[in-house]
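Working notes, structure below.
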Amino acid sequence: MKRTMAMILAGGEGERLSILSSVRAKPAVPFGGKYRIIDFTLSNCVNSDIHDVVVLTQYNPRSLNDHIGLGRPWDLDRSKGGVKLLQPYIARGRVAEWYRGTADAVLRNRSLLEHSDADTILVLAGDHIYKMDYQPFIVAHRRKRADVTIAVRRVPLAEASRMGILALDETDRIIEWQEKPKQPKSDLASMGVYVFSRRALLRWLDEERADFGAHVIPAMLDGGARVYGYRFAGYWQDVGTIQSYWEANMALLVDHPELDLYDKHWVIHTKSEERAPAKLGPTAQVHRSLISHGCVIEGTVVNSVLSPGVRVGVGAVVRDSIVMFDSVIGSRAVIDRAILDKEVVVGAGAIVGDGPDDTPNKQEPTRLTTGITVVGKKTSIPRGARIGRNVRIGGNVRSADFVKRVVPSGGSVDAGMVRRADRRAILPEEAARSAG
């Protein structure tokens with residue numbers, strides 16, 4: 001009987017997501033209110049009747065490990081197959097190091113492949129939002145007797161330089177490949193979703209080939225392997241930047257979203273805590289928003305996504321924003337075009353997202369440029385503060401860390417800023433006394 005094993009690459013640092021991925025791996029970043037990014041890949045597997053799943057973790061894996069656990073929400077807590085969470089390990093005779101790339105992560109777990117009775121291996125990215133039935137993909141791969149088949153789709157040319165770009169012949173065989181080209185020749189891109197025959201994968205994995213897109217696929221093409229593309233027209237989104245992450249969340253709010261979270265035939269499973277139903281108080285107004293269970297709304301929420309346990313006080317306004325688990329918005333506060341991580345407390349009357357958006361963030365000028373302000377996990381914003389656009393406020397920041405109550409657009413606040421500033425002011429005097 002032919003079987004398929006899925007290997008999900010979930011160790012990505014996701015630096016372009018700024019502070020959202022500073023405390024967790026990118027696949028563990030919350031999305032769509034109650035979900036995590038990796039929920040979509042895991043749900044694709046179980047909805048495609050694939051129940052032998054390996055998740056390769058690396059960077060800040062604790063949150064991801066806690067979320068997946070034994071795999072029960074996805075029906076992956078099985079004695080045969082099920083889900084396995086694997087991290088880099090030290091082997092005798094080898095230098096201790098992290099995975100050097102996507103292919104190296106699979107290579108380091110070669111023994112798992114060698115002892116598997118699966119004939120095909122799905123290699124999947126755990127940091128994309130998409131809905132895909134893998135069975136037609138696998139059938140096409142087997143029908144063509146391919147060594148590897150790569151899921152491909154059209155993308156905007158502006159995004160093509162971040163992906164593997166390719167050309168297909170009339171049989172969908174890949175005849176040209178460019179990995180993250182500065183000047184893409186086409187808009188047909190790899191989705192980072194592969195199905196290998198197990199024999200071919202074992203053959204082409206090599207110590208010198210750290211990455212699938214940069215090394216393994218070019219080597220297979222040069223070596224005459226049977227490399228095919230599979231055209232995918234369904235929903236797929238790489239949420240690798242603050243802007244694309246925000247846009248993908250906002251896209252869930254339109255009348256007929258391309259990504260339908262309410263599709264009974266393709267349920268997105270997740271680990272979900274028991275909480276009370278969402279409650280709208282007598283002064284609440286909610287327009288075109290996702291309000292998760294456990295939320296208590298007494299103010300106004302417009303075009304926003306709220307995770308479980310969020311509280312919005314009387315007279316507060318949350319607009320065009322993403323607010324994650326258990327954050328509290330004080331009375332009369334305004335949150336406008338911002339992303340608040342978990343357990344953020346915004347003081348009464350504070351404004352987050354104020355003023356013009358044409359000043360990039362000084363610390364992260366390539367990541368925070370579109371007017372979105374990001375607030376890190378467990379941060380407290382003082383009463384009456386005014387926070388501009390493209391502002392980066394780190395995690396665990398206390399009200400006392402704000403040197404001033406006004407943070408202009410493009411500014412940043414990190415934990416301990418006041419204490420460090422005080423120390424710099426005192427040290428020269430101490431040095432003078434010591435010298436005397």
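Chains: A, B, ... in order of the structure tokens. Residues: from 1 per chain. Ligands: from 1, in order shown.
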I'd like the contact shell of range 170-176 of chain A - 7 Å cut-off, only C-alpha atoms, skipping same-chain residues fewer than 5 positions apart - returned as a PyMOL selection string. chain A and resi 227-229
List every residue of range 161-209 of chain A that has an atom at most 12 Å from any atom of range 147-153 of chain A, and for each one report the closest atom pair and its distance in Å to one decimal, counting only C-alpha atoms, with rows sorted by chain and then by increasing residue number, as a Markdown table.
| residue | atom | partner | partner_atom | distance |
| --- | --- | --- | --- | --- |
| A:Met163 | CA | A:Val152 | CA | 10.6 |
| A:Gly164 | CA | A:Val152 | CA | 9.4 |
| A:Ile165 | CA | A:Val152 | CA | 9.0 |
| A:Leu166 | CA | A:Val152 | CA | 8.6 |
| A:Ala167 | CA | A:Val152 | CA | 10.1 |
| A:Leu168 | CA | A:Val152 | CA | 10.1 |
| A:Asp172 | CA | A:Thr149 | CA | 9.6 |
| A:Arg173 | CA | A:Thr149 | CA | 8.9 |
| A:Ile174 | CA | A:Ile150 | CA | 9.0 |
| A:Trp177 | CA | A:Ile150 | CA | 11.6 |
| A:Ser186 | CA | A:Arg153 | CA | 11.0 |
| A:Asp187 | CA | A:Arg153 | CA | 8.1 |
| A:Leu188 | CA | A:Arg153 | CA | 5.5 |
| A:Ala189 | CA | A:Val152 | CA | 5.4 |
| A:Ser190 | CA | A:Val152 | CA | 4.5 |
| A:Met191 | CA | A:Val152 | CA | 5.5 |
| A:Gly192 | CA | A:Ala151 | CA | 7.2 |
| A:Val193 | CA | A:Ala151 | CA | 5.5 |
| A:Tyr194 | CA | A:Ile150 | CA | 4.7 |
| A:Val195 | CA | A:Thr149 | CA | 5.3 |
| A:Phe196 | CA | A:Val148 | CA | 4.3 |
| A:Ser197 | CA | A:Asp147 | CA | 5.4 |
| A:Arg198 | CA | A:Asp147 | CA | 8.5 |
| A:Arg199 | CA | A:Asp147 | CA | 8.2 |
| A:Ala200 | CA | A:Asp147 | CA | 5.5 |
| A:Leu201 | CA | A:Asp147 | CA | 7.7 |
| A:Leu202 | CA | A:Asp147 | CA | 10.7 |
| A:Arg203 | CA | A:Asp147 | CA | 10.1 |
| A:Trp204 | CA | A:Asp147 | CA | 9.8 |
Neighbouring residues of range 334-336 of chain A were defined as those with any atom within 8 Å, considering only C-alpha atoms; residues of the same chain fewer than 4 positions away were excluded. Please report them as a PyMOL selection string. chain A and resi 316-321+349-354
Residues of range 97-342 of chain A classed as alpha helix (DSSP H) by DSSP on the backbone are to be reported as a ChimeraX atom specification. /A:102-107,110-114,134-143,157-160,198-204,217-222,242-250
Serialized selection, C-alpha atoms, as a PDB file, in the first residue's frame:
ATOM      1  CA  THR A 102      15.542  23.609   4.566  1.00  0.00           C
ATOM      2  CA  ALA A 103      17.286  20.627   2.977  1.00  0.00           C
ATOM      3  CA  ASP A 104      19.807  20.369   5.811  1.00  0.00           C
ATOM      4  CA  ALA A 105      16.921  20.105   8.292  1.00  0.00           C
ATOM      5  CA  VAL A 106      15.616  17.060   6.411  1.00  0.00           C
ATOM      6  CA  LEU A 107      19.125  15.627   5.933  1.00  0.00           C
ATOM      7  CA  ARG A 110      17.698  11.098   7.314  1.00  0.00           C
ATOM      8  CA  SER A 111      17.325   8.031   9.545  1.00  0.00           C
ATOM      9  CA  LEU A 112      13.620   8.818   9.880  1.00  0.00           C
ATOM     10  CA  LEU A 113      13.287   8.666   6.085  1.00  0.00           C
ATOM     11  CA  GLU A 114      15.334   5.486   5.814  1.00  0.00           C
ATOM     12  CA  TYR A 134      -2.513  17.348  -1.113  1.00  0.00           C
ATOM     13  CA  GLN A 135      -4.052  14.191  -2.607  1.00  0.00           C
ATOM     14  CA  PRO A 136      -4.444  15.487  -6.224  1.00  0.00           C
ATOM     15  CA  PHE A 137      -0.900  16.867  -5.894  1.00  0.00           C
ATOM     16  CA  ILE A 138       0.419  13.430  -4.877  1.00  0.00           C
ATOM     17  CA  VAL A 139      -1.609  11.680  -7.612  1.00  0.00           C
ATOM     18  CA  ALA A 140      -0.114  13.986 -10.282  1.00  0.00           C
ATOM     19  CA  HIS A 141       3.370  13.264  -8.910  1.00  0.00           C
ATOM     20  CA  ARG A 142       2.904   9.504  -9.076  1.00  0.00           C
ATOM     21  CA  ARG A 143       1.236   9.605 -12.491  1.00  0.00           C
ATOM     22  CA  LEU A 157       6.076  40.457  -9.948  1.00  0.00           C
ATOM     23  CA  ALA A 158       6.906  42.757  -7.031  1.00  0.00           C
ATOM     24  CA  GLU A 159       7.037  39.689  -4.762  1.00  0.00           C
ATOM     25  CA  ALA A 160       8.747  37.307  -7.205  1.00  0.00           C
ATOM     26  CA  ARG A 198      11.458   8.799  -1.001  1.00  0.00           C
ATOM     27  CA  ARG A 199      14.205   7.206  -3.075  1.00  0.00           C
ATOM     28  CA  ALA A 200      14.944  10.438  -4.956  1.00  0.00           C
ATOM     29  CA  LEU A 201      14.944  12.513  -1.776  1.00  0.00           C
ATOM     30  CA  LEU A 202      17.465  10.208  -0.138  1.00  0.00           C
ATOM     31  CA  ARG A 203      19.606  10.282  -3.274  1.00  0.00           C
ATOM     32  CA  TRP A 204      19.734  14.057  -3.659  1.00  0.00           C
ATOM     33  CA  ILE A 217      16.354  21.580  -7.028  1.00  0.00           C
ATOM     34  CA  PRO A 218      19.100  23.113  -9.260  1.00  0.00           C
ATOM     35  CA  ALA A 219      21.237  19.993  -8.715  1.00  0.00           C
ATOM     36  CA  MET A 220      18.340  17.733  -9.674  1.00  0.00           C
ATOM     37  CA  LEU A 221      17.686  19.751 -12.840  1.00  0.00           C
ATOM     38  CA  ASP A 222      21.371  19.658 -13.787  1.00  0.00           C
ATOM     39  CA  ILE A 242       4.276  43.018   8.721  1.00  0.00           C
ATOM     40  CA  GLN A 243       2.307  44.478   5.791  1.00  0.00           C
ATOM     41  CA  SER A 244       1.395  41.100   4.211  1.00  0.00           C
ATOM     42  CA  TYR A 245       0.495  39.689   7.644  1.00  0.00           C
ATOM     43  CA  TRP A 246      -1.776  42.651   8.374  1.00  0.00           C
ATOM     44  CA  GLU A 247      -3.352  42.513   4.893  1.00  0.00           C
ATOM     45  CA  ALA A 248      -4.056  38.769   5.160  1.00  0.00           C
ATOM     46  CA  ASN A 249      -5.856  39.309   8.478  1.00  0.00           C
ATOM     47  CA  MET A 250      -7.842  42.255   7.123  1.00  0.00           C
TER      48      MET A 250
END
Near Arg389 in chain A, counting only C-alpha atoms, which residues have an atom at most 10 Å away, once you skip same-chain residues fewer than 3 positions from it, shown as a list in words?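 Counting only C-alpha atoms, the residues come to Asp336, Arg337, Ala338, Val352, Gly353, Asp354, Gly355, Pro356, Asp357, Asp358, Thr359, Pro360, Asn361, Leu368, Thr369, Thr370, Gly371, Ile372, Thr373, Val374, Arg392, Val407, Pro408, Ser409, Gly410 and Gly411 of chain A.
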How about saving the chosen residues, C-alpha atoms kept, as a compact mmCIF listing (two decimals), in the first residue's frame?
# COMPACT_ATOMS: atom_id res chain seq x y z
CA ASP A 336 -5.66 52.62 14.85
CA ARG A 337 -3.89 50.45 12.24
CA ALA A 338 -1.79 48.64 14.80
CA VAL A 352 -1.69 53.91 19.38
CA GLY A 353 -1.36 54.87 15.72
CA ASP A 354 -1.39 58.65 15.61
CA GLY A 355 -0.24 61.15 13.00
CA PRO A 356 1.37 60.78 9.53
CA ASP A 357 2.66 57.43 8.25
CA ASP A 358 5.45 58.64 5.95
CA THR A 359 8.30 58.22 8.46
CA PRO A 360 9.86 54.70 8.46
CA ASN A 361 10.91 53.19 11.75
CA LEU A 368 8.01 49.10 9.39
CA THR A 369 7.29 51.50 6.54
CA THR A 370 3.57 51.32 5.78
CA GLY A 371 2.11 53.09 8.81
CA ILE A 372 1.48 50.02 10.98
CA THR A 373 2.57 50.29 14.61
CA VAL A 374 3.58 47.08 16.41
CA ARG A 392 8.08 49.65 17.32
CA VAL A 407 6.43 58.66 20.75
CA PRO A 408 6.65 60.23 17.28
CA SER A 409 6.18 58.27 14.06
CA GLY A 410 9.22 56.12 13.30
CA GLY A 411 10.27 55.91 16.93
If you measure from CA of Ile68 in chain A to CA of Glu343 in chain A, what distance in Å do you get, rounded to one decimal?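 Rounded to one decimal, the two atoms are 20.8 Å apart.
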Can you work out which one of A:Gly313, A:Gly32, A:Gly223, A:Pro27 has the shortest atom-to-atom distance to Tyr59 in chain A, counting only C-alpha atoms?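 Going through A:Gly313, A:Gly32, A:Gly223, A:Pro27 one by one, the smallest distance to Tyr59 in chain A is for A:Pro27.
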